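For reference, entry-v7.cif (mmCIF, C-alpha atoms):
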```cif
data_my_file
#
loop_
_atom_site.group_PDB
_atom_site.id
_atom_site.type_symbol
_atom_site.label_atom_id
_atom_site.label_comp_id
_atom_site.auth_asym_id
_atom_site.auth_seq_id
_atom_site.Cartn_x
_atom_site.Cartn_y
_atom_site.Cartn_z
ATOM 1 C CA MET A 13 10.592 20.559 -1.297
ATOM 2 C CA LYS A 14 8.509 18.885 -3.967
ATOM 3 C CA ASN A 15 8.933 19.923 -7.575
ATOM 4 C CA ARG A 16 6.500 19.773 -10.471
ATOM 5 C CA GLU A 17 8.429 17.031 -12.269
ATOM 6 C CA GLY A 18 8.357 14.789 -9.194
ATOM 7 C CA MET A 19 4.651 15.407 -8.659
ATOM 8 C CA GLU A 20 3.865 14.586 -12.293
ATOM 9 C CA LYS A 21 5.906 11.388 -12.020
ATOM 10 C CA MET A 22 4.030 10.325 -8.874
ATOM 11 C CA LEU A 23 0.666 11.070 -10.485
ATOM 12 C CA ALA A 24 1.630 8.939 -13.465
ATOM 13 C CA ILE A 25 2.654 6.086 -11.144
ATOM 14 C CA LEU A 26 -0.583 6.291 -9.158
ATOM 15 C CA CYS A 27 -2.589 6.103 -12.402
ATOM 16 C CA ASP A 28 -0.571 3.218 -13.868
ATOM 17 C CA GLU A 29 -2.529 0.082 -13.020
ATOM 18 C CA THR A 30 0.314 -2.102 -14.291
ATOM 19 C CA LYS A 31 2.421 -0.986 -11.310
ATOM 20 C CA ASP A 32 2.294 -3.035 -8.135
ATOM 21 C CA TYR A 33 0.026 -1.832 -5.347
ATOM 22 C CA GLN A 34 2.880 -0.860 -2.983
ATOM 23 C CA THR A 35 4.456 1.402 -5.604
ATOM 24 C CA ARG A 36 1.099 3.031 -6.298
ATOM 25 C CA LEU A 37 0.491 3.443 -2.563
ATOM 26 C CA GLU A 38 3.781 5.314 -2.201
ATOM 27 C CA ALA A 39 2.670 7.690 -4.970
ATOM 28 C CA TYR A 40 -0.720 8.073 -3.249
ATOM 29 C CA GLU A 41 0.969 9.042 0.019
ATOM 30 C CA TYR A 42 3.351 11.441 -1.741
ATOM 31 C CA LEU A 43 0.474 13.268 -3.450
ATOM 32 C CA GLN A 44 -1.552 13.733 -0.270
ATOM 33 C CA GLU A 45 0.276 16.860 0.828
ATOM 34 C CA ASP A 46 2.097 19.831 -0.632
ATOM 35 C CA CYS A 47 0.897 19.111 -4.180
ATOM 36 C CA GLU A 48 -1.713 21.872 -4.534
ATOM 37 C CA GLU A 49 -0.391 22.811 -7.960
ATOM 38 C CA MET A 50 -1.332 19.325 -9.195
ATOM 39 C CA VAL A 51 -4.999 19.471 -8.152
ATOM 40 C CA ASP A 52 -6.272 20.272 -11.655
ATOM 41 C CA ALA A 53 -4.156 17.494 -13.186
ATOM 42 C CA MET A 54 -5.350 15.051 -10.509
ATOM 43 C CA LEU A 55 -8.972 16.055 -11.148
ATOM 44 C CA GLU A 56 -8.516 15.485 -14.862
ATOM 45 C CA LYS A 57 -7.091 12.010 -14.211
ATOM 46 C CA PHE A 58 -9.883 11.318 -11.696
ATOM 47 C CA TYR A 59 -12.592 12.044 -14.267
ATOM 48 C CA GLN A 60 -10.803 9.816 -16.798
ATOM 49 C CA SER A 61 -10.354 6.920 -14.363
ATOM 50 C CA THR A 62 -12.434 4.157 -12.877
ATOM 51 C CA GLY A 63 -12.020 1.538 -10.196
ATOM 52 C CA GLU A 64 -9.106 1.567 -7.797
ATOM 53 C CA THR A 65 -7.350 4.453 -9.566
ATOM 54 C CA ALA A 66 -10.369 6.744 -9.269
ATOM 55 C CA ASP A 67 -10.838 5.694 -5.638
ATOM 56 C CA MET A 68 -7.221 6.502 -4.816
ATOM 57 C CA LEU A 69 -7.379 9.837 -6.621
ATOM 58 C CA ILE A 70 -10.546 11.049 -4.896
ATOM 59 C CA GLU A 71 -9.039 10.107 -1.536
ATOM 60 C CA VAL A 72 -5.910 12.119 -2.356
ATOM 61 C CA LEU A 73 -7.984 15.023 -3.645
ATOM 62 C CA SER A 74 -10.031 15.073 -0.445
ATOM 63 C CA GLU A 75 -6.928 16.489 1.255
ATOM 64 C CA TYR A 76 -7.160 19.667 -0.858
ATOM 65 C CA LYS A 77 -9.967 21.756 0.598
ATOM 66 C CA GLY A 78 -12.122 24.385 -1.071
ATOM 67 C CA ASN A 79 -12.491 23.005 -4.587
ATOM 68 C CA LYS A 80 -16.093 22.528 -5.735
ATOM 69 C CA ALA A 81 -15.141 19.811 -8.247
ATOM 70 C CA ILE A 82 -13.536 17.764 -5.471
ATOM 71 C CA TYR A 83 -16.577 18.273 -3.268
ATOM 72 C CA MET A 84 -18.891 17.103 -6.063
ATOM 73 C CA GLY A 85 -16.676 14.079 -6.671
ATOM 74 C CA LEU A 86 -16.954 13.127 -3.004
ATOM 75 C CA VAL A 87 -20.738 13.551 -3.079
ATOM 76 C CA SER A 88 -21.051 11.412 -6.203
ATOM 77 C CA TYR A 89 -18.908 8.665 -4.671
ATOM 78 C CA LEU A 90 -21.012 8.748 -1.509
ATOM 79 C CA TYR A 91 -24.176 8.245 -3.569
ATOM 80 C CA ARG A 92 -22.584 5.429 -5.578
ATOM 81 C CA GLY A 93 -22.765 3.488 -2.347
ATOM 82 C CA ASP A 94 -19.629 1.377 -2.819
ATOM 83 C CA ASP A 95 -18.003 2.410 0.465
ATOM 84 C CA VAL A 96 -20.481 4.684 2.213
ATOM 85 C CA ALA A 97 -18.526 4.891 5.480
ATOM 86 C CA LEU A 98 -15.315 5.967 3.742
ATOM 87 C CA TYR A 99 -16.916 8.611 1.546
ATOM 88 C CA ALA A 100 -19.132 9.939 4.350
ATOM 89 C CA ARG A 101 -15.984 10.343 6.472
ATOM 90 C CA LEU A 102 -14.060 12.031 3.637
ATOM 91 C CA LEU A 103 -16.988 14.321 2.857
ATOM 92 C CA GLY A 104 -17.392 15.263 6.514
ATOM 93 C CA LYS A 105 -13.670 15.911 6.829
ATOM 94 C CA TYR A 106 -13.618 17.986 3.640
ATOM 95 C CA GLY A 107 -15.019 20.952 5.527
ATOM 96 C CA ASP A 108 -17.688 22.201 3.117
ATOM 97 C CA GLU A 109 -20.694 23.253 5.201
ATOM 98 C CA SER A 110 -23.156 22.089 2.555
ATOM 99 C CA ALA A 111 -21.886 18.541 3.176
ATOM 100 C CA ILE A 112 -23.900 18.492 6.410
ATOM 101 C CA GLU A 113 -27.178 18.624 4.481
ATOM 102 C CA VAL A 114 -25.933 16.066 1.953
ATOM 103 C CA LEU A 115 -24.989 13.654 4.740
ATOM 104 C CA LYS A 116 -28.302 14.201 6.541
ATOM 105 C CA SER A 117 -30.249 13.640 3.333
ATOM 106 C CA PHE A 118 -28.257 10.519 2.530
ATOM 107 C CA ALA A 119 -28.821 9.115 6.017
ATOM 108 C CA GLU A 120 -32.577 9.552 5.691
#
```
Now that the file is in, can you turn its structure into structure tokens?
Amino acid sequence: MKNREGMEKMLAILCDETKDYQTRLEAYEYLQEDCEEMVDAMLEKFYQSTGETADMLIEVLSEYKGNKAIYMGLVSYLYRGDDVALYARLLGKYGDESAIEVLKSFAE
């Protein structure tokens, strides 16, 4: 069972760009499930981050369905165009029905 202290530690590791990639990847994997109580904290870090950290956070957040802020983050990353295939897949997998129209519009 995951506890709040452990989740906070893993979020801090994921956001620490001085850590090696493997260590950050372990934190990324840890946060991908059973960390619903950290969604708001992850969103806050996401909006404060850029680059690889923001990419990793939005991928983790995409596992937590039903949050409009996460959905909007996925849409904005799709329209940034950096990795269209990845963000189209994450948006489609997210399960928000309005994503269908966004994806259709983007494809056109």
Original post:
Do you know which residues are at most 12 Å from Lys77 of chain A counting all atoms listed in the file, after dropping those on the same chain fewer than 3 positions away, and could you put them as an MDAnalysis selection string?
Top reply: chainID A and resid 44:45 48 51 71:74 80:83 86 102:109
Original post:
What lies within 12 Å of Asp46 of chain A using all atoms listed in the file, ignoring chain neighbours under 5 positions off, as a PyMOL selection string?
Top reply: chain A and resi 13-16+18-19+41+51+72-73+75-76
**OP:** Would you mind telling me which residue in A:Leu37, A:Leu43, A:Ala119, A:Leu55 lies nearest to Met84 of chain A when using all atoms listed in the file?
**Re:**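 Of A:Leu37, A:Leu43, A:Ala119, A:Leu55, the one nearest Met84 of chain A is A:Leu55, counting all atoms listed in the file.
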Original post:
So how far away is atom CA of Cys27 of chain A from atom CA of Thr65 of chain A, in Å?
Top reply: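 Pair atom CA of Thr65 of chain A / atom CA of Cys27 of chain A returns 5.8 Å.
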Subject >> Residue members of the PyMOL selection byres ((chain A and resi 24) around 12) in the file shown, as a ChimeraX atom specification >> reply: /A:17-23,25-31,35-36,39-40,43,50,53-54,57-58,65,69
Original post:
Which residues come within 8 Å of Tyr99 of chain A, counting all atoms listed in the file, excluding same-chain residues fewer than 2 positions away, as a count of residues only?
Top reply: 10
Original post:
Separation of atom CA of Gln60 of chain A and atom CA of Ala100 of chain A, in Å?
Top reply: 22.7 Å
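In terms of minimum interatomic distance to Asp67 of chain A, A:Ser88 ranks closest within A:Cys47, A:Leu115, A:Glu120, A:Ser88, counting all atoms listed in the file.
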Would you fill the gaps in segment 87-110 of chain A so it has N, CA and C atoms, then print it as a CSV table (one decimal), in the coordinates of the input?
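Written output follows (out.csv):
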```csv
chain,number,residue,atom,x,y,z
A,87,VAL,N,-19.3,13.8,-3.2
A,87,VAL,CA,-20.7,13.6,-3.1
A,87,VAL,C,-21.2,12.4,-4.0
A,88,SER,N,-20.7,12.5,-5.2
A,88,SER,CA,-21.1,11.4,-6.2
A,88,SER,C,-20.6,10.0,-5.7
A,89,TYR,N,-19.4,10.0,-5.2
A,89,TYR,CA,-18.9,8.7,-4.7
A,89,TYR,C,-19.7,8.2,-3.5
A,90,LEU,N,-20.1,9.1,-2.6
A,90,LEU,CA,-21.0,8.7,-1.5
A,90,LEU,C,-22.3,8.1,-2.0
A,91,TYR,N,-22.9,8.7,-3.0
A,91,TYR,CA,-24.2,8.2,-3.6
A,91,TYR,C,-24.0,7.0,-4.4
A,92,ARG,N,-22.8,6.7,-4.9
A,92,ARG,CA,-22.6,5.4,-5.6
A,92,ARG,C,-22.8,4.3,-4.6
A,93,GLY,N,-22.5,4.5,-3.4
A,93,GLY,CA,-22.8,3.5,-2.3
A,93,GLY,C,-21.8,2.4,-2.2
A,94,ASP,N,-20.6,2.5,-2.9
A,94,ASP,CA,-19.6,1.4,-2.8
A,94,ASP,C,-19.0,1.3,-1.4
A,95,ASP,N,-18.6,2.4,-0.9
A,95,ASP,CA,-18.0,2.4,0.5
A,95,ASP,C,-18.5,3.6,1.2
A,96,VAL,N,-19.8,3.5,1.6
A,96,VAL,CA,-20.5,4.7,2.2
A,96,VAL,C,-19.7,5.3,3.4
A,97,ALA,N,-19.2,4.4,4.3
A,97,ALA,CA,-18.5,4.9,5.5
A,97,ALA,C,-17.3,5.7,5.1
A,98,LEU,N,-16.5,5.2,4.2
A,98,LEU,CA,-15.3,6.0,3.7
A,98,LEU,C,-15.7,7.3,3.2
A,99,TYR,N,-16.6,7.4,2.2
A,99,TYR,CA,-16.9,8.6,1.5
A,99,TYR,C,-17.7,9.6,2.4
A,100,ALA,N,-18.5,9.1,3.4
A,100,ALA,CA,-19.1,9.9,4.4
A,100,ALA,C,-18.1,10.6,5.2
A,101,ARG,N,-17.1,9.8,5.6
A,101,ARG,CA,-16.0,10.3,6.5
A,101,ARG,C,-15.2,11.4,5.7
A,102,LEU,N,-14.8,11.1,4.4
A,102,LEU,CA,-14.1,12.0,3.6
A,102,LEU,C,-14.9,13.3,3.4
A,103,LEU,N,-16.1,13.2,3.1
A,103,LEU,CA,-17.0,14.3,2.9
A,103,LEU,C,-17.1,15.2,4.1
A,104,GLY,N,-17.3,14.5,5.3
A,104,GLY,CA,-17.4,15.3,6.5
A,104,GLY,C,-16.1,16.0,6.8
A,105,LYS,N,-15.0,15.3,6.6
A,105,LYS,CA,-13.7,15.9,6.8
A,105,LYS,C,-13.3,17.0,5.8
A,106,TYR,N,-14.0,17.0,4.7
A,106,TYR,CA,-13.6,18.0,3.6
A,106,TYR,C,-13.9,19.4,4.1
A,107,GLY,N,-14.8,19.6,4.9
A,107,GLY,CA,-15.0,21.0,5.5
A,107,GLY,C,-16.0,21.9,4.8
A,108,ASP,N,-16.7,21.4,3.8
A,108,ASP,CA,-17.7,22.2,3.1
A,108,ASP,C,-19.0,22.1,3.9
A,109,GLU,N,-19.5,23.3,4.4
A,109,GLU,CA,-20.7,23.3,5.2
A,109,GLU,C,-21.9,22.6,4.5
A,110,SER,N,-22.0,22.7,3.2
A,110,SER,CA,-23.2,22.1,2.6
A,110,SER,C,-23.1,20.6,2.6
```
